[in-house]
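Next comes work_10.tsv, with TSV, C-alpha atoms.
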chain	number	residue	atom	x	y	z
A	1	MET	CA	-64.13	-21.86	-2.66
A	2	THR	CA	-62.52	-20.06	0.23
A	3	LEU	CA	-59.20	-18.30	-0.04
A	4	VAL	CA	-57.68	-20.61	2.56
A	5	ARG	CA	-58.75	-23.67	0.59
A	6	SER	CA	-57.29	-22.24	-2.62
A	7	LEU	CA	-53.97	-21.40	-0.97
A	8	SER	CA	-53.83	-24.81	0.71
A	9	ALA	CA	-54.42	-26.58	-2.59
A	10	GLN	CA	-51.70	-24.54	-4.29
A	11	TRP	CA	-49.21	-25.13	-1.49
A	12	LEU	CA	-49.85	-28.90	-1.36
A	13	ALA	CA	-49.54	-29.17	-5.15
A	14	THR	CA	-46.26	-27.23	-5.08
A	15	VAL	CA	-44.83	-29.45	-2.34
A	16	TYR	CA	-45.99	-32.61	-4.13
A	17	VAL	CA	-44.58	-31.62	-7.53
A	18	ALA	CA	-41.30	-30.49	-5.95
A	19	GLY	CA	-41.07	-33.70	-3.91
A	20	VAL	CA	-41.68	-35.95	-6.90
A	21	SER	CA	-39.19	-33.99	-9.01
A	22	MET	CA	-36.49	-34.23	-6.34
A	23	LEU	CA	-37.10	-37.97	-5.80
A	24	MET	CA	-36.90	-38.50	-9.57
A	25	THR	CA	-33.62	-36.58	-9.64
A	26	PHE	CA	-32.18	-38.69	-6.81
A	27	PHE	CA	-33.33	-41.90	-8.51
A	28	LEU	CA	-31.83	-40.98	-11.89
A	29	ALA	CA	-28.58	-39.74	-10.37
A	30	ARG	CA	-28.08	-42.91	-8.34
A	31	SER	CA	-29.12	-45.19	-11.22
A	32	PHE	CA	-26.92	-43.66	-13.92
A	33	GLY	CA	-23.89	-42.41	-11.99
A	34	PRO	CA	-22.14	-39.03	-12.16
A	35	GLU	CA	-20.95	-39.19	-15.78
A	36	THR	CA	-24.27	-40.16	-17.39
A	37	PHE	CA	-26.21	-37.94	-15.02
A	38	GLY	CA	-23.95	-35.06	-16.05
A	39	ARG	CA	-24.70	-35.81	-19.68
A	40	TYR	CA	-28.44	-35.93	-18.95
A	41	SER	CA	-28.26	-32.63	-17.02
A	42	TYR	CA	-26.46	-30.99	-19.93
A	43	ILE	CA	-29.16	-32.12	-22.40
A	44	ILE	CA	-32.11	-30.95	-20.31
A	45	THR	CA	-30.32	-27.66	-19.64
A	46	LEU	CA	-30.10	-26.97	-23.38
A	47	ALA	CA	-33.75	-27.98	-23.80
A	48	ALA	CA	-34.79	-25.80	-20.86
A	49	LEU	CA	-33.07	-22.79	-22.44
A	50	PHE	CA	-34.97	-23.39	-25.67
A	51	ALA	CA	-38.20	-23.91	-23.70
A	52	ILE	CA	-38.22	-20.17	-22.92
A	53	LEU	CA	-38.74	-19.53	-26.63
A	54	GLN	CA	-41.36	-22.27	-26.75
A	55	ASP	CA	-43.29	-20.54	-23.97
A	56	GLY	CA	-42.77	-17.08	-25.47
A	57	GLY	CA	-44.08	-15.40	-22.32
A	58	PHE	CA	-47.60	-16.72	-22.98
A	59	LYS	CA	-47.74	-18.55	-19.64
A	60	THR	CA	-47.68	-15.23	-17.77
A	61	LEU	CA	-49.87	-13.48	-20.34
A	62	LEU	CA	-52.59	-16.15	-20.18
A	63	PHE	CA	-52.68	-15.87	-16.38
A	64	ARG	CA	-52.86	-12.07	-16.47
A	65	GLU	CA	-55.42	-11.73	-19.26
A	66	HIS	CA	-57.78	-14.39	-17.92
A	67	THR	CA	-57.65	-12.59	-14.58
A	68	SER	CA	-58.21	-9.07	-15.94
A	69	PRO	CA	-58.12	-8.44	-19.72
A	70	SER	CA	-56.06	-5.47	-20.88
A	71	LEU	CA	-55.19	-6.26	-24.50
A	72	PRO	CA	-57.29	-5.48	-27.62
A	73	ILE	CA	-57.50	-9.21	-28.27
A	74	LYS	CA	-60.34	-11.49	-27.27
A	75	THR	CA	-59.31	-13.54	-24.26
A	76	GLU	CA	-60.58	-16.77	-25.83
A	77	GLN	CA	-58.15	-16.25	-28.73
A	78	LEU	CA	-55.05	-16.15	-26.53
A	79	LEU	CA	-54.74	-19.90	-25.88
A	80	PRO	CA	-55.05	-20.79	-29.62
A	81	LEU	CA	-52.43	-18.10	-30.35
A	82	ALA	CA	-50.18	-19.49	-27.61
A	83	LEU	CA	-50.55	-23.03	-28.97
A	84	GLY	CA	-49.79	-21.78	-32.49
A	85	HIS	CA	-46.67	-20.04	-31.22
A	86	LEU	CA	-45.63	-23.19	-29.32
A	87	LEU	CA	-46.15	-25.44	-32.34
A	88	SER	CA	-44.23	-23.12	-34.69
A	89	VAL	CA	-41.24	-22.61	-32.38
A	90	THR	CA	-41.05	-26.31	-31.46
A	91	ALA	CA	-41.10	-27.34	-35.13
A	92	MET	CA	-38.37	-24.80	-35.88
A	93	GLY	CA	-36.26	-26.07	-32.98
A	94	LEU	CA	-36.63	-29.70	-33.99
A	95	LEU	CA	-35.70	-28.89	-37.60
A	96	ILE	CA	-32.62	-26.87	-36.63
A	97	THR	CA	-31.50	-29.59	-34.21
A	98	ALA	CA	-31.95	-32.27	-36.88
A	99	LEU	CA	-29.96	-30.31	-39.48
A	100	LEU	CA	-27.07	-29.03	-37.37
A	101	PRO	CA	-24.14	-31.21	-36.24
A	102	VAL	CA	-25.29	-31.12	-32.60
A	103	GLN	CA	-23.90	-33.52	-30.02
A	104	ASP	CA	-26.49	-35.95	-28.56
A	105	LYS	CA	-28.87	-34.90	-31.35
A	106	ALA	CA	-31.43	-37.68	-30.83
A	107	TYR	CA	-31.65	-37.05	-27.08
A	108	LEU	CA	-31.99	-33.30	-27.60
A	109	ILE	CA	-34.83	-33.78	-30.09
A	110	LEU	CA	-36.69	-35.89	-27.55
A	111	ALA	CA	-35.99	-33.37	-24.77
A	112	ILE	CA	-37.29	-30.44	-26.86
A	113	SER	CA	-40.43	-32.44	-27.63
A	114	ALA	CA	-40.97	-33.21	-23.93
A	115	PHE	CA	-40.49	-29.57	-22.93
A	116	GLY	CA	-42.94	-28.53	-25.64
A	117	LEU	CA	-45.65	-30.76	-24.21
A	118	GLY	CA	-44.75	-29.53	-20.73
A	119	THR	CA	-45.25	-25.95	-21.93
A	120	ALA	CA	-48.74	-26.86	-23.14
A	121	THR	CA	-49.57	-28.17	-19.66
A	122	ASN	CA	-48.30	-24.87	-18.20
A	123	TYR	CA	-50.67	-22.97	-20.51
A	124	ILE	CA	-53.58	-24.94	-19.07
A	125	SER	CA	-52.41	-24.11	-15.54
A	126	SER	CA	-52.28	-20.40	-16.41
A	127	VAL	CA	-55.82	-20.41	-17.83
A	128	LEU	CA	-57.21	-22.19	-14.76
A	129	LYS	CA	-55.42	-19.84	-12.34
A	130	GLY	CA	-56.58	-16.83	-14.34
A	131	LYS	CA	-60.17	-18.02	-14.01
A	132	GLY	CA	-59.68	-18.44	-10.27
A	133	ASP	CA	-60.04	-22.23	-10.37
A	134	PHE	CA	-57.03	-22.85	-8.12
A	135	ASN	CA	-58.23	-26.19	-6.82
A	136	ARG	CA	-58.57	-27.70	-10.29
A	137	GLU	CA	-55.23	-26.19	-11.33
A	138	ALA	CA	-53.54	-27.80	-8.32
A	139	TRP	CA	-54.98	-31.19	-9.23
A	140	TRP	CA	-53.91	-30.67	-12.85
A	141	ARG	CA	-50.28	-30.17	-11.82
A	142	VAL	CA	-50.40	-33.20	-9.53
A	143	ILE	CA	-51.87	-35.41	-12.27
A	144	ALA	CA	-49.42	-34.23	-14.95
A	145	ARG	CA	-46.38	-34.72	-12.70
A	146	SER	CA	-47.61	-38.12	-11.53
A	147	LEU	CA	-48.14	-39.37	-15.09
A	148	THR	CA	-44.73	-38.19	-16.27
A	149	GLY	CA	-43.07	-39.79	-13.24
A	150	ILE	CA	-44.88	-43.08	-13.82
A	151	GLY	CA	-44.02	-42.91	-17.52
A	152	VAL	CA	-40.29	-42.45	-16.87
A	153	ILE	CA	-40.02	-45.11	-14.15
A	154	GLY	CA	-42.19	-47.53	-16.10
A	155	LEU	CA	-40.21	-47.35	-19.35
A	156	LEU	CA	-36.84	-47.52	-17.57
A	157	TYR	CA	-37.79	-50.68	-15.68
A	158	LEU	CA	-39.83	-52.34	-18.42
A	159	ILE	CA	-37.45	-51.65	-21.32
A	160	SER	CA	-33.97	-50.38	-20.49
A	161	PHE	CA	-32.05	-47.95	-18.31
A	162	GLN	CA	-31.04	-45.62	-21.14
A	163	LEU	CA	-31.45	-41.86	-21.42
A	164	ASN	CA	-33.89	-41.95	-24.34
A	165	TRP	CA	-36.49	-43.72	-22.19
A	166	ILE	CA	-36.42	-40.87	-19.68
A	167	PHE	CA	-37.51	-38.41	-22.36
A	168	LEU	CA	-39.97	-40.83	-23.97
A	169	GLY	CA	-41.51	-41.53	-20.57
A	170	SER	CA	-42.03	-37.81	-20.01
A	171	ILE	CA	-43.54	-37.43	-23.48
A	172	ALA	CA	-45.93	-40.33	-22.84
A	173	GLY	CA	-46.99	-38.89	-19.48
A	174	PHE	CA	-47.63	-35.41	-20.85
A	175	LEU	CA	-49.57	-36.80	-23.81
A	176	LEU	CA	-51.82	-38.87	-21.54
A	177	ALA	CA	-52.47	-35.86	-19.32
A	178	LEU	CA	-53.27	-33.58	-22.27
A	179	MET	CA	-55.45	-36.15	-24.07
A	180	PHE	CA	-57.72	-36.88	-21.10
A	181	GLN	CA	-58.01	-33.43	-19.50
A	182	ARG	CA	-61.35	-31.69	-19.96
A	183	SER	CA	-60.66	-28.35	-18.31
A	184	VAL	CA	-59.47	-26.45	-21.40
A	185	SER	CA	-60.08	-27.08	-25.09
A	186	LEU	CA	-56.91	-27.58	-27.13
A	187	LYS	CA	-58.68	-28.08	-30.48
A	188	ASN	CA	-58.11	-24.56	-31.83
A	189	ILE	CA	-54.60	-23.56	-32.87
A	190	LEU	CA	-53.94	-20.21	-34.53
A	191	ILE	CA	-50.73	-19.61	-36.46
A	192	VAL	CA	-50.82	-15.99	-37.57
A	193	LYS	CA	-48.48	-13.07	-38.18
A	194	PRO	CA	-47.01	-11.99	-34.82
A	195	ASN	CA	-49.00	-9.19	-33.19
A	196	SER	CA	-46.58	-6.41	-32.19
A	197	ARG	CA	-48.85	-5.14	-29.39
A	198	LEU	CA	-49.14	-8.65	-27.99
A	199	TYR	CA	-45.40	-9.33	-27.98
A	200	ARG	CA	-44.53	-5.87	-26.63
A	201	SER	CA	-46.71	-6.52	-23.61
A	202	ILE	CA	-44.66	-9.55	-22.61
A	203	GLY	CA	-41.24	-8.26	-23.68
A	204	ALA	CA	-39.93	-7.37	-20.22
A	205	LEU	CA	-41.28	-10.55	-18.62
A	206	LEU	CA	-39.83	-12.70	-21.40
A	207	THR	CA	-36.48	-10.94	-21.04
A	208	ILE	CA	-36.47	-11.70	-17.31
A	209	GLU	CA	-37.23	-15.38	-17.95
A	210	ILE	CA	-34.52	-15.71	-20.60
A	211	ALA	CA	-31.82	-13.92	-18.61
A	212	THR	CA	-32.70	-15.71	-15.36
A	213	LEU	CA	-32.67	-19.17	-16.90
A	214	ILE	CA	-29.40	-18.45	-18.71
A	215	TYR	CA	-27.89	-17.32	-15.43
A	216	PHE	CA	-29.08	-20.42	-13.55
A	217	LYS	CA	-28.31	-22.98	-16.27
A	218	ILE	CA	-25.32	-21.69	-18.22
A	219	ASP	CA	-22.83	-22.96	-15.62
A	220	ILE	CA	-23.68	-26.58	-16.45
A	221	VAL	CA	-23.28	-25.91	-20.19
A	222	MET	CA	-19.94	-24.16	-19.66
A	223	LEU	CA	-18.74	-26.89	-17.29
A	224	LYS	CA	-19.49	-29.43	-20.01
A	225	HIS	CA	-17.30	-27.61	-22.53
A	226	MET	CA	-14.65	-26.08	-20.27
A	227	GLY	CA	-14.42	-28.54	-17.38
A	228	GLU	CA	-12.21	-31.57	-17.10
A	229	SER	CA	-14.85	-34.33	-17.22
A	230	LEU	CA	-18.55	-35.16	-17.28
A	231	ASN	CA	-18.15	-36.31	-13.69
A	232	ASP	CA	-17.65	-32.65	-12.72
A	233	VAL	CA	-20.91	-31.79	-14.47
A	234	GLY	CA	-22.67	-34.56	-12.57
A	235	PHE	CA	-21.23	-33.45	-9.22
A	236	TYR	CA	-22.22	-29.84	-9.83
A	237	ALA	CA	-25.68	-30.76	-11.13
A	238	ALA	CA	-26.35	-32.83	-8.00
A	239	SER	CA	-25.39	-29.98	-5.66
A	240	SER	CA	-27.32	-27.40	-7.68
A	241	ARG	CA	-30.46	-29.58	-7.51
A	242	ILE	CA	-30.29	-29.43	-3.72
A	243	LEU	CA	-30.00	-25.64	-3.93
A	244	GLU	CA	-32.94	-25.44	-6.35
A	245	GLY	CA	-35.01	-27.56	-3.97
A	246	VAL	CA	-34.39	-25.14	-1.10
A	247	VAL	CA	-35.34	-22.14	-3.24
A	248	LEU	CA	-38.44	-23.88	-4.64
A	249	ILE	CA	-39.76	-24.54	-1.14
A	250	LEU	CA	-39.39	-20.83	-0.34
A	251	PHE	CA	-41.34	-19.59	-3.37
A	252	PRO	CA	-44.84	-20.02	-1.88
A	253	ILE	CA	-43.64	-17.66	0.89
A	254	ALA	CA	-42.48	-15.26	-1.84
A	255	ASN	CA	-46.03	-15.14	-3.21
A	256	VAL	CA	-47.28	-14.05	0.20
A	257	PHE	CA	-44.53	-11.41	0.32
A	258	PHE	CA	-45.61	-10.09	-3.08
A	259	ARG	CA	-49.23	-9.63	-2.03
A	260	GLU	CA	-48.30	-7.75	1.14
A	261	LEU	CA	-45.81	-5.54	-0.71
A	262	ARG	CA	-48.28	-4.80	-3.49
A	263	LEU	CA	-50.86	-3.60	-0.97
A	264	HIS	CA	-48.34	-0.99	0.29
A	265	ALA	CA	-46.98	0.05	-3.13
A	266	ASN	CA	-48.73	3.44	-3.03
A	267	HIS	CA	-47.28	4.29	0.38
A	268	PRO	CA	-43.47	4.54	0.04
A	269	GLU	CA	-42.78	4.89	3.77
A	270	LYS	CA	-44.83	1.82	4.70
A	271	PHE	CA	-43.52	-0.06	1.70
A	272	VAL	CA	-39.85	0.50	2.60
A	273	LYS	CA	-40.46	-0.41	6.24
A	274	LEU	CA	-42.22	-3.63	5.23
A	275	THR	CA	-39.48	-4.43	2.71
A	276	GLY	CA	-36.89	-3.92	5.44
A	277	LYS	CA	-38.72	-6.29	7.79
A	278	LEU	CA	-39.12	-8.97	5.14
A	279	PHE	CA	-35.50	-8.52	4.07
A	280	SER	CA	-34.38	-8.99	7.70
A	281	PHE	CA	-36.57	-12.09	7.98
A	282	ALA	CA	-35.02	-13.50	4.79
A	283	GLY	CA	-31.53	-12.76	6.10
A	284	ALA	CA	-32.28	-14.51	9.39
A	285	LEU	CA	-33.69	-17.47	7.49
A	286	SER	CA	-30.51	-17.79	5.42
A	287	LEU	CA	-28.44	-17.63	8.63
A	288	CYS	CA	-30.32	-20.73	9.80
A	289	ILE	CA	-30.29	-22.63	6.50
A	290	VAL	CA	-26.70	-22.12	5.38
A	291	PRO	CA	-24.78	-23.34	8.45
A	292	LEU	CA	-27.09	-26.34	8.80
A	293	GLY	CA	-26.70	-27.13	5.11
A	294	ILE	CA	-22.91	-26.85	5.27
A	295	LEU	CA	-22.83	-29.09	8.34
A	296	LEU	CA	-24.99	-31.78	6.72
A	297	GLY	CA	-24.12	-31.13	3.06
A	298	GLU	CA	-21.85	-34.12	2.52
A	299	ASP	CA	-24.31	-36.47	4.21
A	300	ILE	CA	-27.20	-35.02	2.20
A	301	ILE	CA	-25.35	-35.61	-1.08
A	302	LYS	CA	-24.46	-39.17	-0.07
A	303	LEU	CA	-27.99	-39.95	1.12
A	304	CYS	CA	-29.77	-38.45	-1.88
A	305	PHE	CA	-27.42	-39.25	-4.73
A	306	GLY	CA	-25.24	-42.11	-3.47
A	307	SER	CA	-21.59	-42.61	-2.57
A	308	ASP	CA	-20.49	-42.12	-6.20
A	309	TYR	CA	-21.17	-38.40	-5.77
A	310	GLN	CA	-19.21	-38.04	-2.52
A	311	PRO	CA	-16.00	-36.86	-4.28
A	312	GLY	CA	-17.87	-33.75	-5.39
A	313	SER	CA	-19.74	-33.11	-2.15
A	314	GLY	CA	-17.60	-30.07	-1.33
A	315	ILE	CA	-19.33	-28.16	-4.15
A	316	ILE	CA	-22.55	-27.93	-2.16
A	317	THR	CA	-20.77	-25.93	0.55
A	318	TRP	CA	-19.86	-23.21	-1.94
A	319	LEU	CA	-23.30	-23.20	-3.56
A	320	LEU	CA	-25.04	-22.97	-0.19
A	321	LEU	CA	-23.07	-19.80	0.58
A	322	SER	CA	-24.95	-18.11	-2.26
A	323	LEU	CA	-28.15	-18.45	-0.18
A	324	PHE	CA	-26.89	-15.58	2.02
A	325	PHE	CA	-27.71	-13.39	-0.99
A	326	MET	CA	-30.23	-15.53	-2.86
A	327	VAL	CA	-32.87	-15.68	-0.10
A	328	PRO	CA	-32.91	-11.88	0.52
A	329	ASN	CA	-32.98	-11.43	-3.26
A	330	ILE	CA	-36.33	-13.24	-3.32
A	331	VAL	CA	-37.72	-10.36	-1.25
A	332	LEU	CA	-36.09	-7.70	-3.42
A	333	THR	CA	-37.36	-9.18	-6.69
A	334	GLN	CA	-40.92	-9.42	-5.33
A	335	ALA	CA	-40.61	-5.84	-4.11
A	336	ALA	CA	-39.42	-4.65	-7.54
A	337	LEU	CA	-42.32	-6.37	-9.32
A	338	SER	CA	-44.86	-5.08	-6.80
A	339	ILE	CA	-43.95	-1.45	-7.63
A	340	ASP	CA	-43.91	-2.09	-11.40
A	341	ARG	CA	-40.12	-2.00	-11.69
A	342	GLU	CA	-40.00	-4.98	-14.06
A	343	ASN	CA	-37.82	-3.06	-16.53
A	344	HIS	CA	-35.22	-2.49	-13.80
A	345	TYR	CA	-35.53	-6.16	-12.86
A	346	ALA	CA	-35.05	-7.18	-16.50
A	347	LEU	CA	-31.89	-5.05	-16.76
A	348	GLY	CA	-30.55	-6.62	-13.55
A	349	ALA	CA	-31.29	-10.11	-14.86
A	350	ILE	CA	-29.44	-9.39	-18.13
A	351	LEU	CA	-26.42	-7.96	-16.33
A	352	ALA	CA	-26.42	-10.92	-13.92
A	353	ALA	CA	-26.43	-13.39	-16.81
A	354	VAL	CA	-23.54	-11.59	-18.55
A	355	LEU	CA	-21.57	-11.34	-15.30
A	356	ASN	CA	-22.14	-14.99	-14.50
A	357	MET	CA	-20.96	-16.11	-17.94
A	358	ALA	CA	-17.84	-13.92	-17.64
A	359	LEU	CA	-17.04	-15.32	-14.20
A	360	ASN	CA	-17.56	-18.88	-15.40
A	361	TYR	CA	-15.26	-18.24	-18.35
A	362	VAL	CA	-12.50	-17.10	-16.02
A	363	LEU	CA	-13.04	-19.40	-13.03
A	364	ILE	CA	-14.08	-22.78	-14.47
A	365	PRO	CA	-10.74	-23.50	-16.23
A	366	ILE	CA	-8.93	-22.75	-12.96
A	367	HIS	CA	-11.23	-24.14	-10.27
A	368	GLY	CA	-13.71	-26.36	-12.15
A	369	PRO	CA	-17.14	-26.80	-10.44
A	370	LYS	CA	-15.93	-24.76	-7.46
A	371	GLY	CA	-15.29	-21.85	-9.84
A	372	ALA	CA	-18.87	-22.05	-11.14
A	373	ALA	CA	-20.15	-21.99	-7.55
A	374	ILE	CA	-18.02	-18.93	-6.73
A	375	GLY	CA	-19.44	-17.25	-9.83
A	376	THR	CA	-22.96	-17.89	-8.48
A	377	ILE	CA	-22.07	-16.30	-5.13
A	378	VAL	CA	-20.64	-13.16	-6.75
A	379	THR	CA	-23.59	-12.86	-9.15
A	380	GLU	CA	-26.14	-13.11	-6.33
A	381	ALA	CA	-24.25	-10.45	-4.39
A	382	PHE	CA	-24.35	-8.19	-7.46
A	383	LEU	CA	-28.11	-8.74	-7.82
A	384	LEU	CA	-28.67	-7.83	-4.18
A	385	VAL	CA	-26.88	-4.50	-4.62
A	386	PHE	CA	-28.52	-3.77	-7.98
A	387	MET	CA	-32.08	-4.59	-6.92
A	388	GLY	CA	-31.65	-2.87	-3.57
A	389	SER	CA	-30.37	0.32	-5.21
A	390	GLY	CA	-33.35	0.31	-7.56
A	391	ILE	CA	-35.80	0.20	-4.68
A	392	VAL	CA	-33.92	2.95	-2.83
A	393	SER	CA	-33.99	5.07	-6.01
A	394	TRP	CA	-37.76	4.53	-6.34
A	395	TYR	CA	-38.25	5.53	-2.72
A	396	MET	CA	-36.17	8.70	-3.05
A	397	LYS	CA	-38.04	9.75	-6.20
A	398	GLY	CA	-41.33	9.13	-4.39
A	399	ARG	CA	-40.28	11.33	-1.48
A	400	LYS	CA	-39.12	14.06	-3.87
A	401	THR	CA	-42.44	13.98	-5.72
A	402	GLU	CA	-44.33	14.25	-2.44
A	403	SER	CA	-42.24	17.24	-1.28
A	404	ASP	CA	-42.64	18.99	-4.66
A	405	SER	CA	-46.42	18.54	-4.57
A	406	GLN	CA	-46.55	20.13	-1.13
Please express the file's structure as structure tokens.
Amino acid sequence: MTLVRSLSAQWLATVYVAGVSMLMTFFLARSFGPETFGRYSYIITLAALFAILQDGGFKTLLFREHTSPSLPIKTEQLLPLALGHLLSVTAMGLLITALLPVQDKAYLILAISAFGLGTATNYISSVLKGKGDFNREAWWRVIARSLTGIGVIGLLYLISFQLNWIFLGSIAGFLLALMFQRSVSLKNILIVKPNSRLYRSIGALLTIEIATLIYFKIDIVMLKHMGESLNDVGFYAASSRILEGVVLILFPIANVFFRELRLHANHPEKFVKLTGKLFSFAGALSLCIVPLGILLGEDIIKLCFGSDYQPGSGIITWLLLSLFFMVPNIVLTQAALSIDRENHYALGAILAAVLNMALNYVLIPIHGPKGAAIGTIVTEAFLLVFMGSGIVSWYMKGRKTESDSQ
């Protein structure tokens, strides 16, 4: 399989999955209205936060180790270990949820179950990509997303438009996909004492995932508990989904950026020049996207989510402003990872999550959803400065080392 064919398959699968996800979001938002959609968004946000623990960093590890093994563990044992970890953490989460006086307990149990099955499908994707079978992996993502979409729509129309059928439809779709796939064997599950070497190797990456997801999702949770109504949660969730869609479309470009930056990682002068060019390109791209988005934002919200969401359409203007920092930050994060600065990235992600929570705590009671959006803008600006300073520091140390060696 040629490289072009592999990249084309990956791109088409990404666009398809993103398109189906966005259409599903629009459909659910319009069908349930702002209040119920806000409730649904709150539930899946909690489940998504727990899903980081369900994954445990194994998604990245499976990809890396099937590409080029570096751990003193047989590669074929990693998937059974990952499945054992997933099963143990999911069972623990379901038990804790069942025992604690949690709001929307039944829905949350279903959501955790759905995310657990989704994590298993991600493991399969990682194994296939690690083996270089990008075409099959692309088809796998398309099939899994199609089946979950059909499951959700089918149960809602055939039975009832209630939230539980959304989660049950996803569960049914994931189960069908996992039962009939033949790419990877899921028969072996190993539940053993945690291997310290194994978990140390994914510590920084897991930290990044946890901190990043907290930063991106905690605003909805805090709006639910500190805002005035569930309608505000629904309005904010709708606008943030538009923002997520824009960022998701840009991520295939980020992968290209990473490869180019990685090739120049051993040449600081060339690396910094390339980073500067890509950073300028990202800045120019945001200058095109943001004004257009602000101009059409209200119409986009009305078209995608319906007139019920129009009272909260002003939120998208504030969220879109964060793209002035968010798009260049895509370049900076890829640059940091390409020069093995994942520890610096992890520290930045932790600080960003803490800063965002602090800003939400102060701003949401005063400004509501608008306050959460302002918090996102400030946090992205902080990340830009922090990540940029880390790259500058790496460059200066590299120059000093070169001068000392001469």
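What separates atom CA of A:Val247 from atom CA of A:Lys217 is a distance of 14.8 Å.
Closest approach to A:Leu303 among A:Tyr157, A:Phe27, A:Trp394, A:Tyr361 is made by A:Phe27 (distances from all atoms listed in the file).
Between atom CA of A:Gly293 and atom CA of A:Ile316 the separation is 8.4 Å.
Between atom CA of A:Ser307 and atom CA of A:Phe26 the separation is 12.1 Å.
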Using only C-alpha atoms, what residues lie at most 9 Å away from (-36.1, -7.1, -5.1) (file coordinates), given as a PyMOL selection string?
chain A and resi 275+328-337+345+383-384+386-388+390-391
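Closest approach to A:Gly116 among A:Ala372, A:Ala51, A:Ile43, A:Val102: A:Ala51, based on all atoms listed in the file.
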Using only C-alpha atoms, which of A:Gly84, A:Gly57, A:Pro291, A:Pro101 sits nearest A:Leu186?
A:Gly84
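Using all atoms listed in the file, the set of residues no farther than 6 Å from the position (-21.9, -34.9, -15.3) comprises Pro34, Glu35, Phe37, Gly38, Arg39, Leu230, Asn231, Asp232, Val233 and Gly234 of chain A.
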Could those residues be written to a file, using C-alpha atoms, as a CSV table (one decimal), in the coordinates of the input?
chain,number,residue,atom,x,y,z
A,34,PRO,CA,-22.1,-39.0,-12.2
A,35,GLU,CA,-21.0,-39.2,-15.8
A,37,PHE,CA,-26.2,-37.9,-15.0
A,38,GLY,CA,-24.0,-35.1,-16.0
A,39,ARG,CA,-24.7,-35.8,-19.7
A,230,LEU,CA,-18.6,-35.2,-17.3
A,231,ASN,CA,-18.2,-36.3,-13.7
A,232,ASP,CA,-17.6,-32.6,-12.7
A,233,VAL,CA,-20.9,-31.8,-14.5
A,234,GLY,CA,-22.7,-34.6,-12.6
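Minimum atom-to-atom distances from A:Ser126, A:Ile73, A:Gly169, A:His66 to A:Leu110 were compared using only C-alpha atoms, and the lowest value belongs to A:Gly169.
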Grab all the atoms of stretch 112-118 of chain A that the file lists, wrap them in a box along x, y and z, add 3 Å per side, and give me centre plus edge lengths in Å (one decimal) as lines of an AutoDock Vina configuration file.
center_x = -41.5
center_y = -30.9
center_z = -24.2
size_x = 14.4
size_y = 10.7
size_z = 12.9
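Take the candidates A:Gly283, A:Gly348, A:Pro268, A:Pro369 and check each one against A:Gly314 using all atoms listed in the file; the shortest distance goes to A:Pro369.
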Hey, what's within 10 Å of A:Ser31 if we count only C-alpha atoms and toss same-chain stuff fewer than 5 positions away? As a PyMOL selection string, please?
chain A and resi 25-26+36-37+161+305-306
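For the residues A:Ser313, A:Ser322, A:Ser389, A:Leu285, ranking by smallest atom-to-atom distance to A:Arg341 using all atoms listed in the file places A:Ser389 first.
For A:Ile109, the set of protein, DNA and RNA residues having any atom at most 12 Å away, when counting all atoms listed in the file and skipping those fewer than 5 positions along the same chain, is A:Ile43, A:Ile44, A:Leu46, A:Ala47, A:Phe50, A:Thr90, A:Ala91, A:Met92, A:Gly93, A:Leu94, A:Leu95, A:Ile96, A:Thr97, A:Ala98, A:Leu99, A:Leu100, A:Val102, A:Gln103, A:Asp104, A:Ala114, A:Phe115, A:Gly116, A:Asn164, A:Phe167, A:Leu168, A:Ile171.
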Final N, CA and C atoms of stretch 211-219 of chain A as a PDB file, in the coordinates of the input:
ATOM      1  N   ALA A 211     -33.064 -14.258 -19.325  1.00  0.00           N
ATOM      2  CA  ALA A 211     -31.820 -13.920 -18.610  1.00  0.00           C
ATOM      3  C   ALA A 211     -31.669 -14.750 -17.339  1.00  0.00           C
ATOM      4  N   THR A 212     -32.766 -14.949 -16.607  1.00  0.00           N
ATOM      5  CA  THR A 212     -32.700 -15.710 -15.360  1.00  0.00           C
ATOM      6  C   THR A 212     -32.340 -17.163 -15.615  1.00  0.00           C
ATOM      7  N   LEU A 213     -32.958 -17.755 -16.624  1.00  0.00           N
ATOM      8  CA  LEU A 213     -32.670 -19.170 -16.900  1.00  0.00           C
ATOM      9  C   LEU A 213     -31.241 -19.335 -17.419  1.00  0.00           C
ATOM     10  N   ILE A 214     -30.782 -18.387 -18.248  1.00  0.00           N
ATOM     11  CA  ILE A 214     -29.400 -18.450 -18.710  1.00  0.00           C
ATOM     12  C   ILE A 214     -28.449 -18.398 -17.516  1.00  0.00           C
ATOM     13  N   TYR A 215     -28.738 -17.466 -16.608  1.00  0.00           N
ATOM     14  CA  TYR A 215     -27.890 -17.320 -15.430  1.00  0.00           C
ATOM     15  C   TYR A 215     -27.861 -18.604 -14.594  1.00  0.00           C
ATOM     16  N   PHE A 216     -29.020 -19.239 -14.400  1.00  0.00           N
ATOM     17  CA  PHE A 216     -29.080 -20.420 -13.550  1.00  0.00           C
ATOM     18  C   PHE A 216     -28.600 -21.696 -14.236  1.00  0.00           C
ATOM     19  N   LYS A 217     -28.620 -21.726 -15.566  1.00  0.00           N
ATOM     20  CA  LYS A 217     -28.310 -22.980 -16.270  1.00  0.00           C
ATOM     21  C   LYS A 217     -26.999 -22.960 -17.044  1.00  0.00           C
ATOM     22  N   ILE A 218     -26.473 -21.758 -17.331  1.00  0.00           N
ATOM     23  CA  ILE A 218     -25.320 -21.690 -18.220  1.00  0.00           C
ATOM     24  C   ILE A 218     -24.074 -22.325 -17.599  1.00  0.00           C
ATOM     25  N   ASP A 219     -24.019 -22.383 -16.264  1.00  0.00           N
ATOM     26  CA  ASP A 219     -22.830 -22.960 -15.620  1.00  0.00           C
ATOM     27  C   ASP A 219     -22.660 -24.427 -15.983  1.00  0.00           C
TER      28      ASP A 219
END
